[in-house]
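Shown next: upload25.tsv, given as TSV, C-alpha atoms.
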```
chain	number	residue	atom	x	y	z
R	1445	MET	CA	-92.10	57.77	-46.44
R	1446	GLU	CA	-93.86	54.99	-44.57
R	1447	LYS	CA	-91.35	52.45	-45.90
R	1448	SER	CA	-88.40	54.55	-44.81
R	1449	GLU	CA	-89.87	54.89	-41.30
R	1450	GLU	CA	-90.34	51.10	-41.07
R	1451	LYS	CA	-86.73	50.56	-42.12
R	1452	ASN	CA	-85.52	52.97	-39.46
R	1453	LYS	CA	-87.56	51.10	-36.83
R	1454	THR	CA	-86.17	47.73	-37.90
R	1455	GLU	CA	-82.60	49.09	-37.81
R	1456	SER	CA	-83.08	50.57	-34.36
R	1457	GLU	CA	-84.59	47.38	-32.86
R	1458	PRO	CA	-81.44	45.21	-33.04
R	1459	ASN	CA	-79.44	48.02	-31.45
R	1460	ASN	CA	-81.88	48.04	-28.56
R	1461	THR	CA	-81.60	44.27	-28.12
R	1462	THR	CA	-77.82	44.37	-28.10
R	1463	SER	CA	-77.84	47.15	-25.55
R	1464	GLU	CA	-80.26	45.16	-23.40
R	1465	GLU	CA	-78.07	42.05	-23.63
R	1466	SER	CA	-75.00	44.02	-22.62
R	1467	MET	CA	-76.89	45.49	-19.71
R	1468	GLU	CA	-77.85	42.01	-18.53
R	1469	LYS	CA	-74.21	40.87	-18.47
R	1470	VAL	CA	-73.08	43.70	-16.19
R	1471	PRO	CA	-72.57	42.32	-12.62
R	1472	VAL	CA	-74.71	43.86	-9.93
R	1473	VAL	CA	-73.08	44.71	-6.61
R	1474	VAL	CA	-75.32	44.21	-3.59
R	1475	MET	CA	-74.42	46.01	-0.40
R	1476	VAL	CA	-74.45	43.82	2.72
R	1477	THR	CA	-75.05	45.34	6.12
R	1478	PRO	CA	-72.76	44.39	9.03
R	1479	GLU	CA	-75.66	42.50	10.63
R	1480	GLU	CA	-76.12	40.29	7.57
R	1481	ALA	CA	-72.37	39.70	7.01
R	1482	PRO	CA	-72.01	36.70	9.37
R	1483	GLU	CA	-74.91	34.94	7.63
R	1484	VAL	CA	-73.33	35.50	4.21
R	1485	ILE	CA	-69.91	34.27	5.38
R	1486	ALA	CA	-71.49	31.19	6.95
R	1487	GLN	CA	-72.96	30.20	3.59
R	1488	VAL	CA	-69.56	30.21	1.83
R	1489	PRO	CA	-68.16	26.62	1.76
R	1490	VAL	CA	-64.69	26.21	3.28
R	1491	VAL	CA	-62.32	24.17	1.10
R	1492	GLU	CA	-59.57	22.46	3.11
R	1493	GLU	CA	-56.20	22.16	1.42
R	1494	PRO	CA	-54.96	18.56	1.18
R	1495	GLN	CA	-52.11	18.00	3.65
R	1496	PRO	CA	-49.06	16.21	2.23
R	1497	GLU	CA	-48.75	12.68	3.57
R	1498	SER	CA	-45.52	11.41	5.04
R	1499	SER	CA	-43.22	9.99	2.36
R	1500	TRP	CA	-41.75	7.46	4.80
R	1501	LYS	CA	-43.09	3.95	4.27
R	1502	PRO	CA	-41.45	1.69	6.88
R	1503	LYS	CA	-40.22	-1.72	5.74
R	1504	THR	CA	-39.40	-3.22	9.15
R	1505	ILE	CA	-41.70	-4.25	11.99
R	1506	LEU	CA	-39.98	-1.77	14.30
R	1507	GLY	CA	-40.55	1.07	11.85
R	1508	LYS	CA	-44.23	0.18	11.44
R	1509	ARG	CA	-44.73	0.15	15.21
R	1510	VAL	CA	-43.09	3.57	15.48
R	1511	LEU	CA	-45.24	5.04	12.70
R	1512	GLU	CA	-48.41	3.59	14.23
R	1513	GLY	CA	-47.58	5.20	17.58
R	1514	LYS	CA	-47.03	1.99	19.54
R	1515	ILE	CA	-43.46	3.09	20.36
R	1516	LYS	CA	-43.30	6.71	21.51
R	1517	ASN	CA	-39.86	6.88	23.11
R	1518	ILE	CA	-36.47	5.80	21.82
R	1519	ASP	CA	-35.58	4.48	25.29
R	1520	GLU	CA	-38.04	1.63	24.65
R	1521	ILE	CA	-35.91	0.54	21.68
R	1522	PHE	CA	-32.71	0.70	23.74
R	1523	SER	CA	-34.22	-1.34	26.57
R	1524	SER	CA	-35.54	-4.01	24.18
R	1525	GLY	CA	-32.20	-4.34	22.38
R	1526	SER	CA	-33.74	-3.95	18.91
R	1527	LYS	CA	-31.51	-2.85	16.08
R	1528	ILE	CA	-32.43	0.35	14.21
R	1529	VAL	CA	-32.25	-0.25	10.47
R	1530	GLU	CA	-34.21	2.79	9.23
R	1531	TYR	CA	-32.86	6.24	10.05
R	1532	GLN	CA	-36.39	7.71	9.85
R	1533	ILE	CA	-37.12	6.02	13.19
R	1534	VAL	CA	-34.63	8.34	14.90
R	1535	ASP	CA	-36.05	11.38	13.10
R	1536	HIS	CA	-39.54	10.42	14.27
R	1537	LEU	CA	-38.69	9.69	17.91
R	1538	VAL	CA	-36.02	12.37	18.47
R	1539	PRO	CA	-37.23	15.57	16.78
R	1540	ALA	CA	-34.65	17.70	18.66
R	1541	LEU	CA	-31.72	15.81	17.13
R	1542	GLN	CA	-28.76	18.02	16.17
R	1543	SER	CA	-25.81	17.26	13.92
R	1544	GLU	CA	-22.19	18.42	13.68
R	1545	LEU	CA	-19.70	17.89	10.86
R	1546	ILE	CA	-16.20	16.95	12.02
R	1547	LEU	CA	-13.27	18.57	10.20
R	1548	ILE	CA	-11.35	15.45	9.20
R	1549	GLY	CA	-9.74	16.72	5.98
R	1550	GLY	CA	-6.97	19.17	5.30
R	1551	ARG	CA	-5.25	21.02	2.51
R	1552	GLY	CA	-2.06	23.04	2.27
R	1553	GLY	CA	-2.35	26.63	3.39
R	1554	LYS	CA	-0.09	29.65	3.32
R	1555	GLY	CA	3.20	29.40	5.15
R	1556	GLY	CA	3.20	25.60	5.16
R	1557	GLY	CA	0.18	25.27	7.46
R	1558	ILE	CA	-2.81	22.98	7.01
R	1559	GLN	CA	-6.31	24.34	6.52
R	1560	ARG	CA	-8.91	21.99	8.01
R	1561	ILE	CA	-11.91	21.09	5.84
R	1562	PRO	CA	-14.88	18.76	6.54
R	1563	ILE	CA	-14.18	16.51	3.53
R	1564	ARG	CA	-11.23	14.14	3.27
R	1565	ILE	CA	-10.06	13.65	-0.32
R	1566	THR	CA	-8.06	10.54	-1.24
R	1567	ALA	CA	-6.71	9.30	-4.57
R	1568	LYS	CA	-6.08	5.82	-5.95
R	1569	MET	CA	-3.88	5.12	-8.95
R	1570	HIS	CA	-5.32	3.14	-11.87
R	1571	GLY	CA	-4.22	2.46	-15.39
R	1572	SER	CA	-6.46	5.28	-16.62
R	1573	GLY	CA	-5.09	7.73	-14.04
R	1574	ARG	CA	-6.05	8.87	-10.56
R	1575	ARG	CA	-9.48	8.15	-9.13
R	1576	PHE	CA	-10.55	10.47	-6.32
R	1577	SER	CA	-12.82	9.61	-3.40
R	1578	THR	CA	-14.25	11.74	-0.60
R	1579	SER	CA	-15.29	10.86	2.96
R	1580	ALA	CA	-17.07	12.71	5.77
R	1581	LEU	CA	-17.72	12.18	9.49
R	1582	PHE	CA	-20.96	13.28	11.18
R	1583	VAL	CA	-21.91	13.37	14.87
R	1584	VAL	CA	-25.57	13.54	15.96
R	1585	GLY	CA	-27.12	14.00	19.39
R	1586	ASP	CA	-29.88	15.71	21.33
R	1587	GLY	CA	-27.72	17.10	24.14
R	1588	ASN	CA	-29.50	14.87	26.64
R	1589	GLY	CA	-27.67	11.54	26.53
R	1590	ILE	CA	-28.34	10.36	22.95
R	1591	LEU	CA	-25.32	10.22	20.63
R	1592	GLY	CA	-24.36	8.71	17.28
R	1593	VAL	CA	-21.32	8.78	14.97
R	1594	GLY	CA	-21.22	7.84	11.29
R	1595	ARG	CA	-18.71	7.89	8.45
R	1596	GLY	CA	-19.55	7.75	4.75
R	1597	ALA	CA	-17.50	7.70	1.54
R	1598	SER	CA	-18.40	8.42	-2.07
R	1599	VAL	CA	-17.11	10.07	-5.22
R	1600	GLU	CA	-19.25	13.18	-4.68
R	1601	PRO	CA	-18.80	15.18	-1.44
R	1602	ARG	CA	-22.54	15.73	-1.01
R	1603	THR	CA	-23.26	12.00	-1.27
R	1604	SER	CA	-20.58	11.15	1.29
R	1605	MET	CA	-22.08	13.69	3.72
R	1606	GLU	CA	-25.57	12.23	3.29
R	1607	LYS	CA	-24.25	8.70	3.86
R	1608	SER	CA	-22.37	9.68	7.01
R	1609	LEU	CA	-25.42	11.47	8.43
R	1610	ARG	CA	-27.63	8.42	7.87
R	1611	LYS	CA	-25.06	6.08	9.44
R	1612	ALA	CA	-24.76	8.39	12.44
R	1613	LYS	CA	-28.52	8.20	13.01
R	1614	LEU	CA	-28.43	4.40	12.76
R	1615	SER	CA	-25.66	4.15	15.37
R	1616	VAL	CA	-27.30	6.20	18.15
R	1617	ILE	CA	-26.75	4.98	21.72
R	1618	LYS	CA	-27.70	6.10	25.22
R	1619	ILE	CA	-24.86	7.71	27.19
R	1620	LYS	CA	-24.54	6.97	30.91
R	1621	ARG	CA	-24.00	10.33	32.61
R	1622	GLY	CA	-23.50	11.25	36.25
R	1623	CYS	CA	-21.23	13.00	38.76
R	1624	GLY	CA	-18.35	10.68	39.62
R	1625	ASP	CA	-15.77	13.24	40.76
R	1626	TRP	CA	-14.90	13.19	44.48
R	1627	GLU	CA	-14.47	16.99	44.54
R	1628	CYS	CA	-18.04	17.66	43.43
R	1629	GLY	CA	-20.58	15.04	44.53
R	1630	CYS	CA	-23.57	17.13	43.43
R	1631	GLY	CA	-25.40	14.11	41.99
R	1632	THR	CA	-26.41	15.79	38.71
R	1633	GLU	CA	-25.70	14.48	35.20
R	1634	HIS	CA	-23.11	17.07	34.18
R	1635	SER	CA	-20.24	14.59	33.72
R	1636	ILE	CA	-19.69	10.82	33.54
R	1637	ALA	CA	-20.16	8.45	36.47
R	1638	PHE	CA	-16.71	6.85	36.42
R	1639	LYS	CA	-13.52	6.48	34.41
R	1640	THR	CA	-13.81	4.81	31.02
R	1641	LYS	CA	-11.49	3.87	28.16
R	1642	GLY	CA	-11.83	3.44	24.41
R	1643	HIS	CA	-9.66	2.90	21.35
R	1644	SER	CA	-9.75	3.04	17.56
R	1645	GLY	CA	-6.72	2.18	15.46
R	1646	SER	CA	-3.61	3.50	17.20
R	1647	VAL	CA	-5.54	6.04	19.28
R	1648	ARG	CA	-6.40	5.27	22.92
R	1649	VAL	CA	-8.57	7.54	25.05
R	1650	GLU	CA	-9.30	7.81	28.78
R	1651	LEU	CA	-12.27	9.85	30.02
R	1652	MET	CA	-12.42	10.86	33.69
R	1653	PRO	CA	-15.22	12.66	35.56
R	1654	ALA	CA	-14.59	16.29	36.46
R	1655	PRO	CA	-16.25	18.69	38.94
R	1656	LYS	CA	-18.57	21.49	37.89
R	1657	GLY	CA	-16.91	24.48	36.29
R	1658	VAL	CA	-13.96	22.63	34.75
R	1659	GLY	CA	-15.58	22.34	31.33
R	1660	LEU	CA	-14.51	20.08	28.49
R	1661	VAL	CA	-10.74	19.61	28.61
R	1662	ALA	CA	-10.38	18.42	25.01
R	1663	ASP	CA	-9.74	19.66	21.47
R	1664	ASN	CA	-12.39	21.49	19.47
R	1665	GLU	CA	-13.57	18.50	17.43
R	1666	THR	CA	-13.95	16.28	20.50
R	1667	LYS	CA	-15.90	19.05	22.21
R	1668	LYS	CA	-18.53	18.84	19.45
R	1669	LEU	CA	-19.15	15.18	20.28
R	1670	LEU	CA	-19.23	15.70	24.06
R	1671	ARG	CA	-21.64	18.65	23.82
R	1672	LEU	CA	-24.09	16.68	21.70
R	1673	ALA	CA	-23.86	13.89	24.28
R	1674	GLY	CA	-24.92	16.30	27.04
R	1675	ILE	CA	-21.59	16.19	28.93
R	1676	LYS	CA	-20.43	19.54	30.32
R	1677	ASP	CA	-17.38	18.67	32.45
R	1678	VAL	CA	-14.82	15.94	31.75
R	1679	TRP	CA	-11.08	15.25	31.78
R	1680	ILE	CA	-9.59	13.44	28.77
R	1681	LYS	CA	-6.24	11.73	28.09
R	1682	THR	CA	-5.21	10.70	24.58
R	1683	PHE	CA	-2.45	8.37	23.34
R	1684	GLY	CA	-1.27	7.53	19.83
R	1685	ASN	CA	-1.64	9.36	16.54
R	1686	THR	CA	-4.33	11.84	17.59
R	1687	SER	CA	-3.78	13.92	14.44
R	1688	ASN	CA	-6.00	11.33	12.73
R	1689	ARG	CA	-9.30	12.88	13.79
R	1690	VAL	CA	-11.40	9.99	12.53
R	1691	ASN	CA	-9.75	7.56	14.95
R	1692	LEU	CA	-9.83	10.16	17.72
R	1693	ILE	CA	-13.60	10.70	17.46
R	1694	LEU	CA	-14.28	6.97	17.13
R	1695	ALA	CA	-12.12	6.27	20.19
R	1696	VAL	CA	-14.06	8.80	22.30
R	1697	PHE	CA	-17.33	7.31	21.05
R	1698	ASP	CA	-16.07	3.84	22.00
R	1699	ALA	CA	-15.19	5.08	25.49
R	1700	LEU	CA	-18.68	6.52	25.99
R	1701	LYS	CA	-20.17	3.29	24.69
R	1702	ASN	CA	-18.18	1.29	27.27
R	1703	LEU	CA	-19.87	3.10	30.17
R	1704	TYR	CA	-22.56	0.43	30.17
R	1705	VAL	CA	-20.06	-2.44	29.99
R	1706	TYR	CA	-18.74	-1.68	33.49
R	1707	GLU	CA	-22.25	-1.95	34.94
R	1708	LYS	CA	-22.61	-5.62	34.03
```
I need this file expressed as structure tokens, please.
Amino acid sequence: MEKSEEKNKTESEPNNTTSEESMEKVPVVVMVTPEEAPEVIAQVPVVEEPQPESSWKPKTILGKRVLEGKIKNIDEIFSSGSKIVEYQIVDHLVPALQSELILIGGRGGKGGGIQRIPIRITAKMHGSGRRFSTSALFVVGDGNGILGVGRGASVEPRTSMEKSLRKAKLSVIKIKRGCGDWECGCGTEHSIAFKTKGHSGSVRVELMPAPKGVGLVADNETKKLLRLAGIKDVWIKTFGNTSNRVNLILAVFDALKNLYVYEK
């Protein structure tokens, strides 16, 4: 009998130890009063998330000066006459830059009409067959006198659009605005200061200042360029094959660029 009782004790002991171990592993919840809560929160370390660094690594002296903060305004680049080689400079200095895609392409529609599309598709004959190429035309501006136009070509439409957008940012200029119409004379920068001309290919363009309220007397694609330039009222005359929208936009851009030539 004594042996059987000892065996029962030995069998019950490990069960007690296991139950005690399991009890030790149970987490204990401690209630914190509202008065002690700020002290507990203050003891918790705050881990700051690493902020992603800028992926732009400038390769030119001008780009390095812009990234370091030595040049804070794009007007400083225009006044110095430096050439912009990296499009990230424009993104950094003009955060409010907007872009518009010009509808330069077309395809046959119903009833013999032409449906305008933003991509121009061309084909070239080779011994192996036709090889297609696409091109796009982008216009960028901040609506306050900064404007750029770029055209890019590639096999893929997406690549041609990216190229044209980069070239447009690299070609930004400062537009000379004013109020040169004799009927207005308000002195604000709602139009251009005087008459200007430009050309591209067979297209010739004349821009003339207009009084307030006239608006943009031009086609829809030219209006995109003038709005991004910050011009609200202007008269425009066109000559030549204006159905070629690439030459039309480039001619208007050339006319706006020539506004500074007359000052010299």
Can you pull out the residues contacting R:Arg1610? Cut-off 10 Å, using only C-alpha atoms, and skip same-chain residues under 2 positions away; I want them as a PyMOL selection string. chain R and resi 1530-1532+1534+1582+1584+1592-1596+1605-1608+1612-1615
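Checking R:Ser1577, R:Lys1514, R:Pro1655, R:Phe1697 one by one against R:Lys1667, counting only C-alpha atoms, you find the shortest gap at R:Phe1697.
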Test item: residues at most 9 Å from R:Ile1533, all atoms listed in the file, excluding those fewer than 2 positions along its chain, as a list in words: Pro1502, Leu1506, Gly1507, Val1510, Leu1511, Ile1518, Ile1528, Val1529, Glu1530, Tyr1531, Asp1535, His1536, Leu1537, Val1538, Lys1613 and Leu1614 of chain R
Write out as a CSV table (one decimal) with C-alpha atoms, in the coordinates of the input each polymer residue whose atoms come within 10 Å of R:Asn1664, counting all atoms listed in the file; drop sequence neighbours fewer than 5 positions from it.
```csv
chain,number,residue,atom,x,y,z
R,1546,ILE,CA,-16.2,17.0,12.0
R,1547,LEU,CA,-13.3,18.6,10.2
R,1669,LEU,CA,-19.2,15.2,20.3
```
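Distance-wise, atom CA of R:Lys1641 and atom CA of R:Leu1692 end up 12.3 Å apart.
When atom CA of R:Glu1512 is paired with atom CA of R:Ile1590, their separation reads 22.9 Å.
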Quick one: distance from atom CA of R:Gly1659 to atom CA of R:Ile1675 in Å, one decimal? 8.9 Å
R:Ser1543: which residues within 9 Å, counting all atoms listed in the file, same-chain residues fewer than 2 positions away excluded, as a VMD selection string? chain R and resid 1541 1545 1582 to 1586 1609 1672
R:His1634, R:Lys1656, R:Cys1623, R:Ile1617: which is nearest R:Asp1698, counting only C-alpha atoms? R:Ile1617
Each side padded by 8 Å, which centre and which edge lengths in Å (one decimal) define the axis-aligned box around the listed atoms of stretch 1584-1600 of chain R? Give them as JSON.
```
{"center_x": -23.5, "center_y": 12.4, "center_z": 10.7, "size_x": 28.8, "size_y": 25.4, "size_z": 47.9}
```
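Proximity ranking of R:Lys1611, R:Lys1701, R:Lys1676, R:Arg1602 relative to R:Gly1642 places R:Lys1701 first, based on all atoms listed in the file.
With all atoms listed in the file as the atoms that count, the residue of R:Arg1564, R:Lys1620, R:His1570, R:Arg1671 with the shortest distance to R:Glu1633 is R:Lys1620.
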For a quick check of understanding, using all atoms listed in the file, which of R:Ile1521, R:Leu1700, R:Thr1603, R:Gly1550 has the smallest distance to R:Lys1639? R:Leu1700
